[in-house]
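A short worksheet on the structure shown next.
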Amino acid sequence: MEPLLSRDEKERGERFHFDLHRHRFVGCRGTLREILAAYLDTDPRALAFHYGFQGKPSLPRSGLWFNLAHAEDLAMFAVSDRPRIGVDLEWVRDIPEMDLLVKTFFSPNEARDFSILTARDKRIAFFRLWTRKEAWLKATGAGISHLLGEVEVSFLEDEPPRIKQLPRGFGSPEDWRLFSSEPAPGYIAA
């Protein structure tokens with residue numbers, strides 16, 4: 001995949017300390033280029049990405065919007081003809097401080113609902129909560145730094161995926177569609 005990358009992507013790949021991370025980056029970027037080039041009927045090497053706020057790549061004037069996420073050895077790509085698309089993918093694992101993270105960074109309603117779950121249910125609920133928030137944040141291009149606690153999403157097992165509340169200036173929750181999946185054993189995505 002490396003021959004498909006631009007000079008700046010190759011340089012970015014070289015900055016990874018470990019070969020594993022470098023190979024994952026090159027593989028994801030090369031695959032993204034192949035997917036987008038197929039939609040646009042062009043050579044993957046001809047794509048020139050523009051990087052916006054928070055470093056989110058785009059292809060100006062192409063009519064395509066996209067996002068990608070990766071976790072361990074799995075990657076997920078989303079492509080749309082509408083702007084504001086985001087995807088997140090996580091490997092479900094134990095995070096000892098998840099209660100503190102939810103209490104500190106998520107909304108008070110989410111923290112309350114999370115606190116009453118059993119220890120067994122918290123693990124998957126945390127990653128449902130995280131991926132749904134992160135997918136929306138990536139769609140907006142805002143990043144997680146200051147809106148993580150202001151967007152509120154469903155995450156309980158019996159709730160369908162949906163946005164419950166948005167920060168001021170981002171429209172109504174009904175303006176957005178949220179999907180969730182388990183693309184492979186041990187992974188969750190939104």
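Quick note on naming: the chains in the structure tokens go A, B, ... in the order shown, residues restart at 1 in each chain, and ligands are numbered from 1 in order of appearance.
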For stretch 37-133 of chain A versus stretch 151-175 of chain A, which residues have an atom no more than 12 Å away, and what is each residue's nearest atom pair and distance in Å rounded to one decimal, using only C-alpha atoms, chain-then-number order, as CSV?
```
residue,atom,partner,partner_atom,distance
A:Arg84,CA,A:Asp175,CA,11.1
A:Val102,CA,A:Glu152,CA,11.8
A:Phe105,CA,A:Val151,CA,10.8
A:Phe106,CA,A:Glu152,CA,7.9
A:Ser107,CA,A:Glu152,CA,6.5
A:Pro108,CA,A:Glu152,CA,9.4
A:Asn109,CA,A:Glu152,CA,8.1
A:Glu110,CA,A:Glu152,CA,7.2
A:Ala111,CA,A:Glu152,CA,10.5
A:Arg112,CA,A:Leu156,CA,11.9
A:Asp113,CA,A:Leu156,CA,8.2
A:Phe114,CA,A:Leu156,CA,8.3
A:Ser115,CA,A:Leu156,CA,11.6
A:Ile116,CA,A:Leu156,CA,10.9
A:Leu117,CA,A:Leu156,CA,9.0
A:Thr118,CA,A:Leu156,CA,11.7
A:Asp121,CA,A:Glu157,CA,8.7
A:Lys122,CA,A:Leu156,CA,9.4
A:Arg123,CA,A:Leu156,CA,11.3
A:Ile124,CA,A:Glu157,CA,8.8
A:Ala125,CA,A:Phe155,CA,5.9
A:Phe126,CA,A:Phe155,CA,7.9
A:Phe127,CA,A:Phe155,CA,8.6
A:Arg128,CA,A:Phe155,CA,5.4
A:Leu129,CA,A:Phe155,CA,5.1
A:Trp130,CA,A:Phe155,CA,8.8
A:Thr131,CA,A:Phe155,CA,9.6
A:Arg132,CA,A:Val153,CA,6.8
A:Lys133,CA,A:Val153,CA,6.7
```
Keeping only N, CA and C atoms, write the selected residues as a PDB file, in the first residue's frame.
```pdb
ATOM      1  N   ARG A  84     -20.577  15.448   7.124  1.00  0.00           N
ATOM      2  CA  ARG A  84     -20.765  15.095   8.531  1.00  0.00           C
ATOM      3  C   ARG A  84     -21.022  13.608   8.722  1.00  0.00           C
ATOM      4  N   VAL A 102     -16.292   7.948  33.107  1.00  0.00           N
ATOM      5  CA  VAL A 102     -17.686   8.298  32.827  1.00  0.00           C
ATOM      6  C   VAL A 102     -18.134   9.432  33.742  1.00  0.00           C
ATOM      7  N   PHE A 105     -16.023  12.804  32.611  1.00  0.00           N
ATOM      8  CA  PHE A 105     -16.067  13.379  31.273  1.00  0.00           C
ATOM      9  C   PHE A 105     -17.398  13.286  30.547  1.00  0.00           C
ATOM     10  N   PHE A 106     -18.315  12.460  31.009  1.00  0.00           N
ATOM     11  CA  PHE A 106     -19.579  12.288  30.306  1.00  0.00           C
ATOM     12  C   PHE A 106     -20.672  13.085  31.000  1.00  0.00           C
ATOM     13  N   SER A 107     -21.859  13.102  30.433  1.00  0.00           N
ATOM     14  CA  SER A 107     -22.939  13.914  30.995  1.00  0.00           C
ATOM     15  C   SER A 107     -23.402  13.353  32.338  1.00  0.00           C
ATOM     16  N   PRO A 108     -23.995  14.188  33.167  1.00  0.00           N
ATOM     17  CA  PRO A 108     -24.523  13.702  34.451  1.00  0.00           C
ATOM     18  C   PRO A 108     -25.558  12.588  34.279  1.00  0.00           C
ATOM     19  N   ASN A 109     -26.413  12.684  33.259  1.00  0.00           N
ATOM     20  CA  ASN A 109     -27.397  11.621  33.017  1.00  0.00           C
ATOM     21  C   ASN A 109     -26.723  10.308  32.644  1.00  0.00           C
ATOM     22  N   GLU A 110     -25.707  10.385  31.787  1.00  0.00           N
ATOM     23  CA  GLU A 110     -24.975   9.176  31.401  1.00  0.00           C
ATOM     24  C   GLU A 110     -24.257   8.584  32.604  1.00  0.00           C
ATOM     25  N   ALA A 111     -23.642   9.429  33.418  1.00  0.00           N
ATOM     26  CA  ALA A 111     -22.935   8.948  34.609  1.00  0.00           C
ATOM     27  C   ALA A 111     -23.899   8.262  35.567  1.00  0.00           C
ATOM     28  N   ARG A 112     -25.084   8.844  35.747  1.00  0.00           N
ATOM     29  CA  ARG A 112     -26.081   8.243  36.631  1.00  0.00           C
ATOM     30  C   ARG A 112     -26.512   6.870  36.112  1.00  0.00           C
ATOM     31  N   ASP A 113     -26.863   6.783  34.820  1.00  0.00           N
ATOM     32  CA  ASP A 113     -27.303   5.514  34.240  1.00  0.00           C
ATOM     33  C   ASP A 113     -26.194   4.465  34.260  1.00  0.00           C
ATOM     34  N   PHE A 114     -24.974   4.904  34.034  1.00  0.00           N
ATOM     35  CA  PHE A 114     -23.835   3.981  34.032  1.00  0.00           C
ATOM     36  C   PHE A 114     -23.571   3.438  35.443  1.00  0.00           C
ATOM     37  N   SER A 115     -23.727   4.279  36.441  1.00  0.00           N
ATOM     38  CA  SER A 115     -23.387   3.889  37.823  1.00  0.00           C
ATOM     39  C   SER A 115     -24.268   2.776  38.367  1.00  0.00           C
ATOM     40  N   ILE A 116     -25.474   2.608  37.828  1.00  0.00           N
ATOM     41  CA  ILE A 116     -26.364   1.572  38.358  1.00  0.00           C
ATOM     42  C   ILE A 116     -26.213   0.225  37.647  1.00  0.00           C
ATOM     43  N   LEU A 117     -25.369   0.173  36.630  1.00  0.00           N
ATOM     44  CA  LEU A 117     -25.140  -1.089  35.931  1.00  0.00           C
ATOM     45  C   LEU A 117     -24.288  -2.033  36.776  1.00  0.00           C
ATOM     46  N   THR A 118     -24.426  -3.314  36.514  1.00  0.00           N
ATOM     47  CA  THR A 118     -23.566  -4.294  37.178  1.00  0.00           C
ATOM     48  C   THR A 118     -22.166  -4.185  36.591  1.00  0.00           C
ATOM     49  N   ASP A 121     -21.971  -5.666  33.151  1.00  0.00           N
ATOM     50  CA  ASP A 121     -22.598  -4.906  32.067  1.00  0.00           C
ATOM     51  C   ASP A 121     -21.859  -3.614  31.726  1.00  0.00           C
ATOM     52  N   LYS A 122     -21.069  -3.114  32.656  1.00  0.00           N
ATOM     53  CA  LYS A 122     -20.386  -1.835  32.441  1.00  0.00           C
ATOM     54  C   LYS A 122     -19.383  -1.883  31.295  1.00  0.00           C
ATOM     55  N   ARG A 123     -18.712  -2.986  31.135  1.00  0.00           N
ATOM     56  CA  ARG A 123     -17.655  -3.078  30.122  1.00  0.00           C
ATOM     57  C   ARG A 123     -18.198  -2.795  28.719  1.00  0.00           C
ATOM     58  N   ILE A 124     -19.239  -3.507  28.305  1.00  0.00           N
ATOM     59  CA  ILE A 124     -19.780  -3.289  26.966  1.00  0.00           C
ATOM     60  C   ILE A 124     -20.513  -1.955  26.898  1.00  0.00           C
ATOM     61  N   ALA A 125     -21.188  -1.564  27.985  1.00  0.00           N
ATOM     62  CA  ALA A 125     -21.895  -0.278  27.997  1.00  0.00           C
ATOM     63  C   ALA A 125     -20.920   0.882  27.819  1.00  0.00           C
ATOM     64  N   PHE A 126     -19.750   0.785  28.441  1.00  0.00           N
ATOM     65  CA  PHE A 126     -18.746   1.844  28.301  1.00  0.00           C
ATOM     66  C   PHE A 126     -18.356   2.020  26.836  1.00  0.00           C
ATOM     67  N   PHE A 127     -18.122   0.917  26.144  1.00  0.00           N
ATOM     68  CA  PHE A 127     -17.697   1.023  24.754  1.00  0.00           C
ATOM     69  C   PHE A 127     -18.835   1.406  23.818  1.00  0.00           C
ATOM     70  N   ARG A 128     -20.072   1.042  24.148  1.00  0.00           N
ATOM     71  CA  ARG A 128     -21.215   1.557  23.392  1.00  0.00           C
ATOM     72  C   ARG A 128     -21.269   3.073  23.535  1.00  0.00           C
ATOM     73  N   LEU A 129     -21.153   3.525  24.762  1.00  0.00           N
ATOM     74  CA  LEU A 129     -21.188   4.959  25.064  1.00  0.00           C
ATOM     75  C   LEU A 129     -20.048   5.683  24.357  1.00  0.00           C
ATOM     76  N   TRP A 130     -18.858   5.171  24.486  1.00  0.00           N
ATOM     77  CA  TRP A 130     -17.684   5.812  23.897  1.00  0.00           C
ATOM     78  C   TRP A 130     -17.768   5.885  22.370  1.00  0.00           C
ATOM     79  N   THR A 131     -18.057   4.748  21.704  1.00  0.00           N
ATOM     80  CA  THR A 131     -18.056   4.746  20.238  1.00  0.00           C
ATOM     81  C   THR A 131     -19.150   5.634  19.672  1.00  0.00           C
ATOM     82  N   ARG A 132     -20.296   5.668  20.315  1.00  0.00           N
ATOM     83  CA  ARG A 132     -21.390   6.505  19.817  1.00  0.00           C
ATOM     84  C   ARG A 132     -21.049   7.990  19.940  1.00  0.00           C
ATOM     85  N   LYS A 133     -20.469   8.365  21.054  1.00  0.00           N
ATOM     86  CA  LYS A 133     -20.050   9.764  21.224  1.00  0.00           C
ATOM     87  C   LYS A 133     -18.933  10.114  20.240  1.00  0.00           C
TER      88      LYS A 133
END
```
DSSP on the backbone, alpha helix (DSSP H) only: what residues of stretch 68-146 of chain A does that give? Format it as an MDAnalysis selection string. chainID A and resid 98:105 108:115 119:140
Would you save the residues of that selection, restricted to N, CA and C atoms, as a tab-separated table (two decimals), in the first residue's frame?
```tsv
chain	number	residue	atom	x	y	z
A	98	MET	N	-12.85	3.02	34.24
A	98	MET	CA	-14.00	3.43	33.42
A	98	MET	C	-15.06	4.18	34.23
A	99	ASP	N	-15.30	3.80	35.48
A	99	ASP	CA	-16.28	4.53	36.30
A	99	ASP	C	-15.86	5.99	36.47
A	100	LEU	N	-14.60	6.21	36.76
A	100	LEU	CA	-14.09	7.57	36.93
A	100	LEU	C	-14.16	8.35	35.61
A	101	LEU	N	-13.83	7.71	34.50
A	101	LEU	CA	-13.90	8.38	33.20
A	101	LEU	C	-15.32	8.83	32.89
A	102	VAL	N	-16.29	7.95	33.11
A	102	VAL	CA	-17.69	8.30	32.83
A	102	VAL	C	-18.13	9.43	33.74
A	103	LYS	N	-17.82	9.33	35.01
A	103	LYS	CA	-18.23	10.35	35.97
A	103	LYS	C	-17.59	11.71	35.67
A	104	THR	N	-16.34	11.69	35.23
A	104	THR	CA	-15.59	12.93	35.01
A	104	THR	C	-15.89	13.59	33.67
A	105	PHE	N	-16.02	12.80	32.61
A	105	PHE	CA	-16.07	13.38	31.27
A	105	PHE	C	-17.40	13.29	30.55
A	108	PRO	N	-24.00	14.19	33.17
A	108	PRO	CA	-24.52	13.70	34.45
A	108	PRO	C	-25.56	12.59	34.28
A	109	ASN	N	-26.41	12.68	33.26
A	109	ASN	CA	-27.40	11.62	33.02
A	109	ASN	C	-26.72	10.31	32.64
A	110	GLU	N	-25.71	10.38	31.79
A	110	GLU	CA	-24.98	9.18	31.40
A	110	GLU	C	-24.26	8.58	32.60
A	111	ALA	N	-23.64	9.43	33.42
A	111	ALA	CA	-22.93	8.95	34.61
A	111	ALA	C	-23.90	8.26	35.57
A	112	ARG	N	-25.08	8.84	35.75
A	112	ARG	CA	-26.08	8.24	36.63
A	112	ARG	C	-26.51	6.87	36.11
A	113	ASP	N	-26.86	6.78	34.82
A	113	ASP	CA	-27.30	5.51	34.24
A	113	ASP	C	-26.19	4.47	34.26
A	114	PHE	N	-24.97	4.90	34.03
A	114	PHE	CA	-23.83	3.98	34.03
A	114	PHE	C	-23.57	3.44	35.44
A	115	SER	N	-23.73	4.28	36.44
A	115	SER	CA	-23.39	3.89	37.82
A	115	SER	C	-24.27	2.78	38.37
A	119	ALA	N	-21.19	-4.64	37.32
A	119	ALA	CA	-19.80	-4.60	36.85
A	119	ALA	C	-19.68	-5.34	35.52
A	120	ARG	N	-20.39	-6.42	35.37
A	120	ARG	CA	-20.35	-7.23	34.14
A	120	ARG	C	-20.89	-6.44	32.94
A	121	ASP	N	-21.97	-5.67	33.15
A	121	ASP	CA	-22.60	-4.91	32.07
A	121	ASP	C	-21.86	-3.61	31.73
A	122	LYS	N	-21.07	-3.11	32.66
A	122	LYS	CA	-20.39	-1.83	32.44
A	122	LYS	C	-19.38	-1.88	31.30
A	123	ARG	N	-18.71	-2.99	31.14
A	123	ARG	CA	-17.66	-3.08	30.12
A	123	ARG	C	-18.20	-2.79	28.72
A	124	ILE	N	-19.24	-3.51	28.31
A	124	ILE	CA	-19.78	-3.29	26.97
A	124	ILE	C	-20.51	-1.96	26.90
A	125	ALA	N	-21.19	-1.56	27.98
A	125	ALA	CA	-21.89	-0.28	28.00
A	125	ALA	C	-20.92	0.88	27.82
A	126	PHE	N	-19.75	0.78	28.44
A	126	PHE	CA	-18.75	1.84	28.30
A	126	PHE	C	-18.36	2.02	26.84
A	127	PHE	N	-18.12	0.92	26.14
A	127	PHE	CA	-17.70	1.02	24.75
A	127	PHE	C	-18.83	1.41	23.82
A	128	ARG	N	-20.07	1.04	24.15
A	128	ARG	CA	-21.21	1.56	23.39
A	128	ARG	C	-21.27	3.07	23.53
A	129	LEU	N	-21.15	3.53	24.76
A	129	LEU	CA	-21.19	4.96	25.06
A	129	LEU	C	-20.05	5.68	24.36
A	130	TRP	N	-18.86	5.17	24.49
A	130	TRP	CA	-17.68	5.81	23.90
A	130	TRP	C	-17.77	5.89	22.37
A	131	THR	N	-18.06	4.75	21.70
A	131	THR	CA	-18.06	4.75	20.24
A	131	THR	C	-19.15	5.63	19.67
A	132	ARG	N	-20.30	5.67	20.32
A	132	ARG	CA	-21.39	6.51	19.82
A	132	ARG	C	-21.05	7.99	19.94
A	133	LYS	N	-20.47	8.36	21.05
A	133	LYS	CA	-20.05	9.76	21.22
A	133	LYS	C	-18.93	10.11	20.24
A	134	GLU	N	-17.95	9.26	20.17
A	134	GLU	CA	-16.79	9.53	19.32
A	134	GLU	C	-17.19	9.59	17.84
A	135	ALA	N	-18.10	8.74	17.39
A	135	ALA	CA	-18.54	8.80	16.00
A	135	ALA	C	-19.18	10.15	15.70
A	136	TRP	N	-20.02	10.63	16.62
A	136	TRP	CA	-20.64	11.95	16.41
A	136	TRP	C	-19.59	13.05	16.43
A	137	LEU	N	-18.68	12.99	17.39
A	137	LEU	CA	-17.64	14.02	17.48
A	137	LEU	C	-16.76	14.03	16.23
A	138	LYS	N	-16.46	12.86	15.69
A	138	LYS	CA	-15.68	12.81	14.46
A	138	LYS	C	-16.49	13.34	13.27
A	139	ALA	N	-17.78	13.10	13.27
A	139	ALA	CA	-18.62	13.62	12.19
A	139	ALA	C	-18.62	15.15	12.18
A	140	THR	N	-18.59	15.75	13.34
A	140	THR	CA	-18.59	17.21	13.42
A	140	THR	C	-17.21	17.79	13.17
```
Using backbone DSSP assignments, extract all strand (DSSP E) residues from stretch 50-151 of chain A; output them as a compact mmCIF listing (two decimals) with all heavy atoms, in the first residue's frame.
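The file below, states_10.txt, is the result:
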```txt
# COMPACT_ATOMS: atom_id res chain seq x y z
N HIS A 50 -7.34 17.28 1.87
CA HIS A 50 -7.28 18.56 2.57
C HIS A 50 -7.51 18.24 4.04
O HIS A 50 -8.35 17.40 4.37
CB HIS A 50 -8.36 19.50 2.04
CG HIS A 50 -8.54 20.72 2.88
ND1 HIS A 50 -7.66 21.78 2.85
CD2 HIS A 50 -9.48 21.02 3.80
CE1 HIS A 50 -8.07 22.69 3.71
NE2 HIS A 50 -9.17 22.26 4.31
N TYR A 51 -6.78 18.88 4.93
CA TYR A 51 -6.93 18.61 6.35
C TYR A 51 -7.53 19.83 7.03
O TYR A 51 -6.98 20.91 6.99
CB TYR A 51 -5.57 18.25 6.97
CG TYR A 51 -5.06 16.95 6.40
CD1 TYR A 51 -4.22 16.95 5.29
CD2 TYR A 51 -5.45 15.74 6.94
CE1 TYR A 51 -3.77 15.76 4.74
CE2 TYR A 51 -5.00 14.54 6.39
CZ TYR A 51 -4.17 14.56 5.29
OH TYR A 51 -3.74 13.39 4.74
N PRO A 57 -9.36 14.65 7.47
CA PRO A 57 -9.13 14.73 6.03
C PRO A 57 -10.43 14.84 5.25
O PRO A 57 -11.47 14.33 5.67
CB PRO A 57 -8.40 13.43 5.71
CG PRO A 57 -8.84 12.47 6.76
CD PRO A 57 -9.11 13.29 7.99
N SER A 58 -10.36 15.49 4.11
CA SER A 58 -11.50 15.58 3.19
C SER A 58 -10.97 15.66 1.77
O SER A 58 -9.77 15.87 1.55
CB SER A 58 -12.37 16.80 3.52
OG SER A 58 -11.65 17.99 3.28
N TRP A 65 -17.79 12.25 1.24
CA TRP A 65 -17.39 12.51 2.62
C TRP A 65 -17.06 11.16 3.21
O TRP A 65 -17.69 10.15 2.90
CB TRP A 65 -18.54 13.19 3.37
CG TRP A 65 -18.91 14.47 2.70
CD1 TRP A 65 -19.82 14.63 1.70
CD2 TRP A 65 -18.34 15.75 2.94
NE1 TRP A 65 -19.87 15.94 1.31
CE2 TRP A 65 -18.97 16.66 2.05
CE3 TRP A 65 -17.37 16.22 3.82
CZ2 TRP A 65 -18.65 18.01 2.03
CZ3 TRP A 65 -17.08 17.57 3.79
CH2 TRP A 65 -17.70 18.44 2.90
N PHE A 66 -16.08 11.11 4.08
CA PHE A 66 -15.62 9.83 4.58
C PHE A 66 -15.02 9.99 5.97
O PHE A 66 -14.71 11.09 6.42
CB PHE A 66 -14.57 9.24 3.63
CG PHE A 66 -13.38 10.12 3.45
CD1 PHE A 66 -12.27 9.99 4.26
CD2 PHE A 66 -13.37 11.11 2.48
CE1 PHE A 66 -11.17 10.83 4.12
CE2 PHE A 66 -12.28 11.95 2.33
CZ PHE A 66 -11.18 11.81 3.14
N ASN A 67 -14.85 8.85 6.61
CA ASN A 67 -14.19 8.80 7.90
C ASN A 67 -13.68 7.38 8.08
O ASN A 67 -14.20 6.45 7.46
CB ASN A 67 -15.16 9.19 9.01
CG ASN A 67 -14.46 9.60 10.29
OD1 ASN A 67 -14.74 9.05 11.34
ND2 ASN A 67 -13.55 10.55 10.23
N LEU A 68 -12.68 7.22 8.92
CA LEU A 68 -12.17 5.89 9.20
C LEU A 68 -11.79 5.78 10.66
O LEU A 68 -11.53 6.77 11.34
CB LEU A 68 -10.98 5.54 8.31
CG LEU A 68 -9.66 6.27 8.55
CD1 LEU A 68 -8.73 5.39 9.36
CD2 LEU A 68 -9.01 6.59 7.23
N ALA A 69 -11.79 4.56 11.13
CA ALA A 69 -11.37 4.26 12.49
C ALA A 69 -10.68 2.92 12.47
O ALA A 69 -10.96 2.07 11.62
CB ALA A 69 -12.57 4.22 13.43
N HIS A 70 -9.76 2.73 13.39
CA HIS A 70 -9.13 1.42 13.51
C HIS A 70 -8.86 1.12 14.97
O HIS A 70 -8.70 2.02 15.80
CB HIS A 70 -7.85 1.32 12.67
CG HIS A 70 -6.85 2.38 12.97
ND1 HIS A 70 -5.93 2.28 13.96
CD2 HIS A 70 -6.65 3.58 12.38
CE1 HIS A 70 -5.18 3.38 13.99
NE2 HIS A 70 -5.60 4.18 13.04
N ALA A 71 -8.86 -0.15 15.27
CA ALA A 71 -8.56 -0.64 16.62
C ALA A 71 -7.87 -1.99 16.46
O ALA A 71 -8.40 -2.87 15.78
CB ALA A 71 -9.85 -0.80 17.43
N LEU A 74 -8.22 -4.30 13.19
CA LEU A 74 -9.46 -4.11 12.44
C LEU A 74 -9.62 -2.63 12.09
O LEU A 74 -9.28 -1.76 12.89
CB LEU A 74 -10.65 -4.57 13.30
CG LEU A 74 -11.98 -4.79 12.62
CD1 LEU A 74 -11.89 -5.92 11.60
CD2 LEU A 74 -13.04 -5.13 13.66
N ALA A 75 -10.13 -2.37 10.90
CA ALA A 75 -10.40 -0.99 10.47
C ALA A 75 -11.81 -0.92 9.93
O ALA A 75 -12.36 -1.92 9.44
CB ALA A 75 -9.40 -0.55 9.40
N MET A 76 -12.39 0.27 10.02
CA MET A 76 -13.73 0.50 9.50
C MET A 76 -13.72 1.82 8.73
O MET A 76 -13.14 2.80 9.18
CB MET A 76 -14.74 0.56 10.64
CG MET A 76 -16.16 0.79 10.20
SD MET A 76 -17.32 0.63 11.56
CE MET A 76 -17.70 -1.11 11.40
N PHE A 77 -14.36 1.80 7.56
CA PHE A 77 -14.41 2.96 6.70
C PHE A 77 -15.87 3.32 6.45
O PHE A 77 -16.70 2.43 6.27
CB PHE A 77 -13.73 2.67 5.36
CG PHE A 77 -12.32 2.22 5.49
CD1 PHE A 77 -12.01 0.87 5.70
CD2 PHE A 77 -11.28 3.13 5.43
CE1 PHE A 77 -10.70 0.46 5.84
CE2 PHE A 77 -9.96 2.72 5.57
CZ PHE A 77 -9.67 1.38 5.78
N ALA A 78 -16.18 4.60 6.44
CA ALA A 78 -17.52 5.08 6.14
C ALA A 78 -17.40 6.09 5.01
O ALA A 78 -16.55 6.99 5.07
CB ALA A 78 -18.15 5.71 7.37
N VAL A 79 -18.24 5.96 4.00
CA VAL A 79 -18.24 6.86 2.85
C VAL A 79 -19.68 7.28 2.59
O VAL A 79 -20.59 6.44 2.64
CB VAL A 79 -17.64 6.19 1.59
CG1 VAL A 79 -17.63 7.14 0.41
CG2 VAL A 79 -16.24 5.66 1.87
N SER A 80 -19.88 8.55 2.30
CA SER A 80 -21.22 9.07 2.09
C SER A 80 -21.20 10.20 1.07
O SER A 80 -20.15 10.80 0.82
CB SER A 80 -21.78 9.60 3.42
OG SER A 80 -23.06 10.17 3.24
N LEU A 89 -14.47 2.83 16.15
CA LEU A 89 -14.31 1.40 16.34
C LEU A 89 -13.43 1.17 17.54
O LEU A 89 -12.38 1.82 17.67
CB LEU A 89 -13.66 0.79 15.08
CG LEU A 89 -13.23 -0.66 15.13
CD1 LEU A 89 -14.46 -1.57 15.18
CD2 LEU A 89 -12.39 -0.99 13.90
N GLU A 90 -13.83 0.30 18.42
CA GLU A 90 -13.04 0.01 19.61
C GLU A 90 -12.98 -1.49 19.87
O GLU A 90 -13.94 -2.22 19.62
CB GLU A 90 -13.64 0.69 20.85
CG GLU A 90 -13.60 2.20 20.82
CD GLU A 90 -12.23 2.79 20.95
OE1 GLU A 90 -11.33 2.14 21.52
OE2 GLU A 90 -12.03 3.94 20.48
N TRP A 91 -11.86 -1.92 20.38
CA TRP A 91 -11.67 -3.27 20.86
C TRP A 91 -12.15 -3.27 22.31
O TRP A 91 -11.68 -2.47 23.13
CB TRP A 91 -10.20 -3.67 20.75
CG TRP A 91 -9.86 -4.96 21.38
CD1 TRP A 91 -10.45 -6.17 21.18
CD2 TRP A 91 -8.80 -5.19 22.32
NE1 TRP A 91 -9.84 -7.13 21.92
CE2 TRP A 91 -8.81 -6.55 22.64
CE3 TRP A 91 -7.85 -4.38 22.91
CZ2 TRP A 91 -7.92 -7.12 23.53
CZ3 TRP A 91 -6.96 -4.94 23.79
CH2 TRP A 91 -7.00 -6.30 24.09
```
List the neighbours of stretch 23-32 of chain A out to 7 Å using only C-alpha atoms; skip same-chain residues closer than 5 positions along the sequence, and give me the result as JSON, numbers by chain. {"A": [1, 2, 4, 5, 13, 75]}
Take the residues that were just selected and, keeping N, CA, C and O atoms, output them as an mmCIF file, in the first residue's frame.
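Written out: part33.cif:
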```cif
data_model
loop_
_atom_site.group_PDB
_atom_site.id
_atom_site.type_symbol
_atom_site.label_atom_id
_atom_site.label_comp_id
_atom_site.auth_asym_id
_atom_site.auth_seq_id
_atom_site.Cartn_x
_atom_site.Cartn_y
_atom_site.Cartn_z
ATOM 1 N N MET A 1 0.809 -1.210 0.000
ATOM 2 C CA MET A 1 0.000 0.000 0.000
ATOM 3 C C MET A 1 0.850 1.270 0.000
ATOM 4 O O MET A 1 0.375 2.316 -0.410
ATOM 5 N N GLU A 2 2.076 1.177 0.455
ATOM 6 C CA GLU A 2 2.891 2.385 0.587
ATOM 7 C C GLU A 2 3.039 3.175 -0.707
ATOM 8 O O GLU A 2 2.994 4.407 -0.679
ATOM 9 N N LEU A 4 0.920 3.875 -2.807
ATOM 10 C CA LEU A 4 -0.296 4.656 -3.037
ATOM 11 C C LEU A 4 -0.316 5.961 -2.245
ATOM 12 O O LEU A 4 -1.077 6.869 -2.560
ATOM 13 N N LEU A 5 0.517 6.065 -1.215
ATOM 14 C CA LEU A 5 0.453 7.196 -0.298
ATOM 15 C C LEU A 5 1.164 8.433 -0.844
ATOM 16 O O LEU A 5 2.100 8.341 -1.625
ATOM 17 N N GLY A 13 3.847 8.152 8.353
ATOM 18 C CA GLY A 13 4.048 6.733 8.656
ATOM 19 C C GLY A 13 5.423 6.452 9.231
ATOM 20 O O GLY A 13 5.577 5.621 10.131
ATOM 21 N N ALA A 75 -10.127 -2.368 10.896
ATOM 22 C CA ALA A 75 -10.397 -0.994 10.474
ATOM 23 C C ALA A 75 -11.812 -0.925 9.931
ATOM 24 O O ALA A 75 -12.357 -1.915 9.444
#
```
Item checked: Close residues, A:Gly63 itself excluded, 12 Å, only C-alpha atoms, min 6 positions apart in chain, as a ChimeraX atom specification -> /A:36,39-40,79-83
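Separating atom CA of A:Leu178 from atom CA of A:Leu47 is a distance of 28.5 Å.
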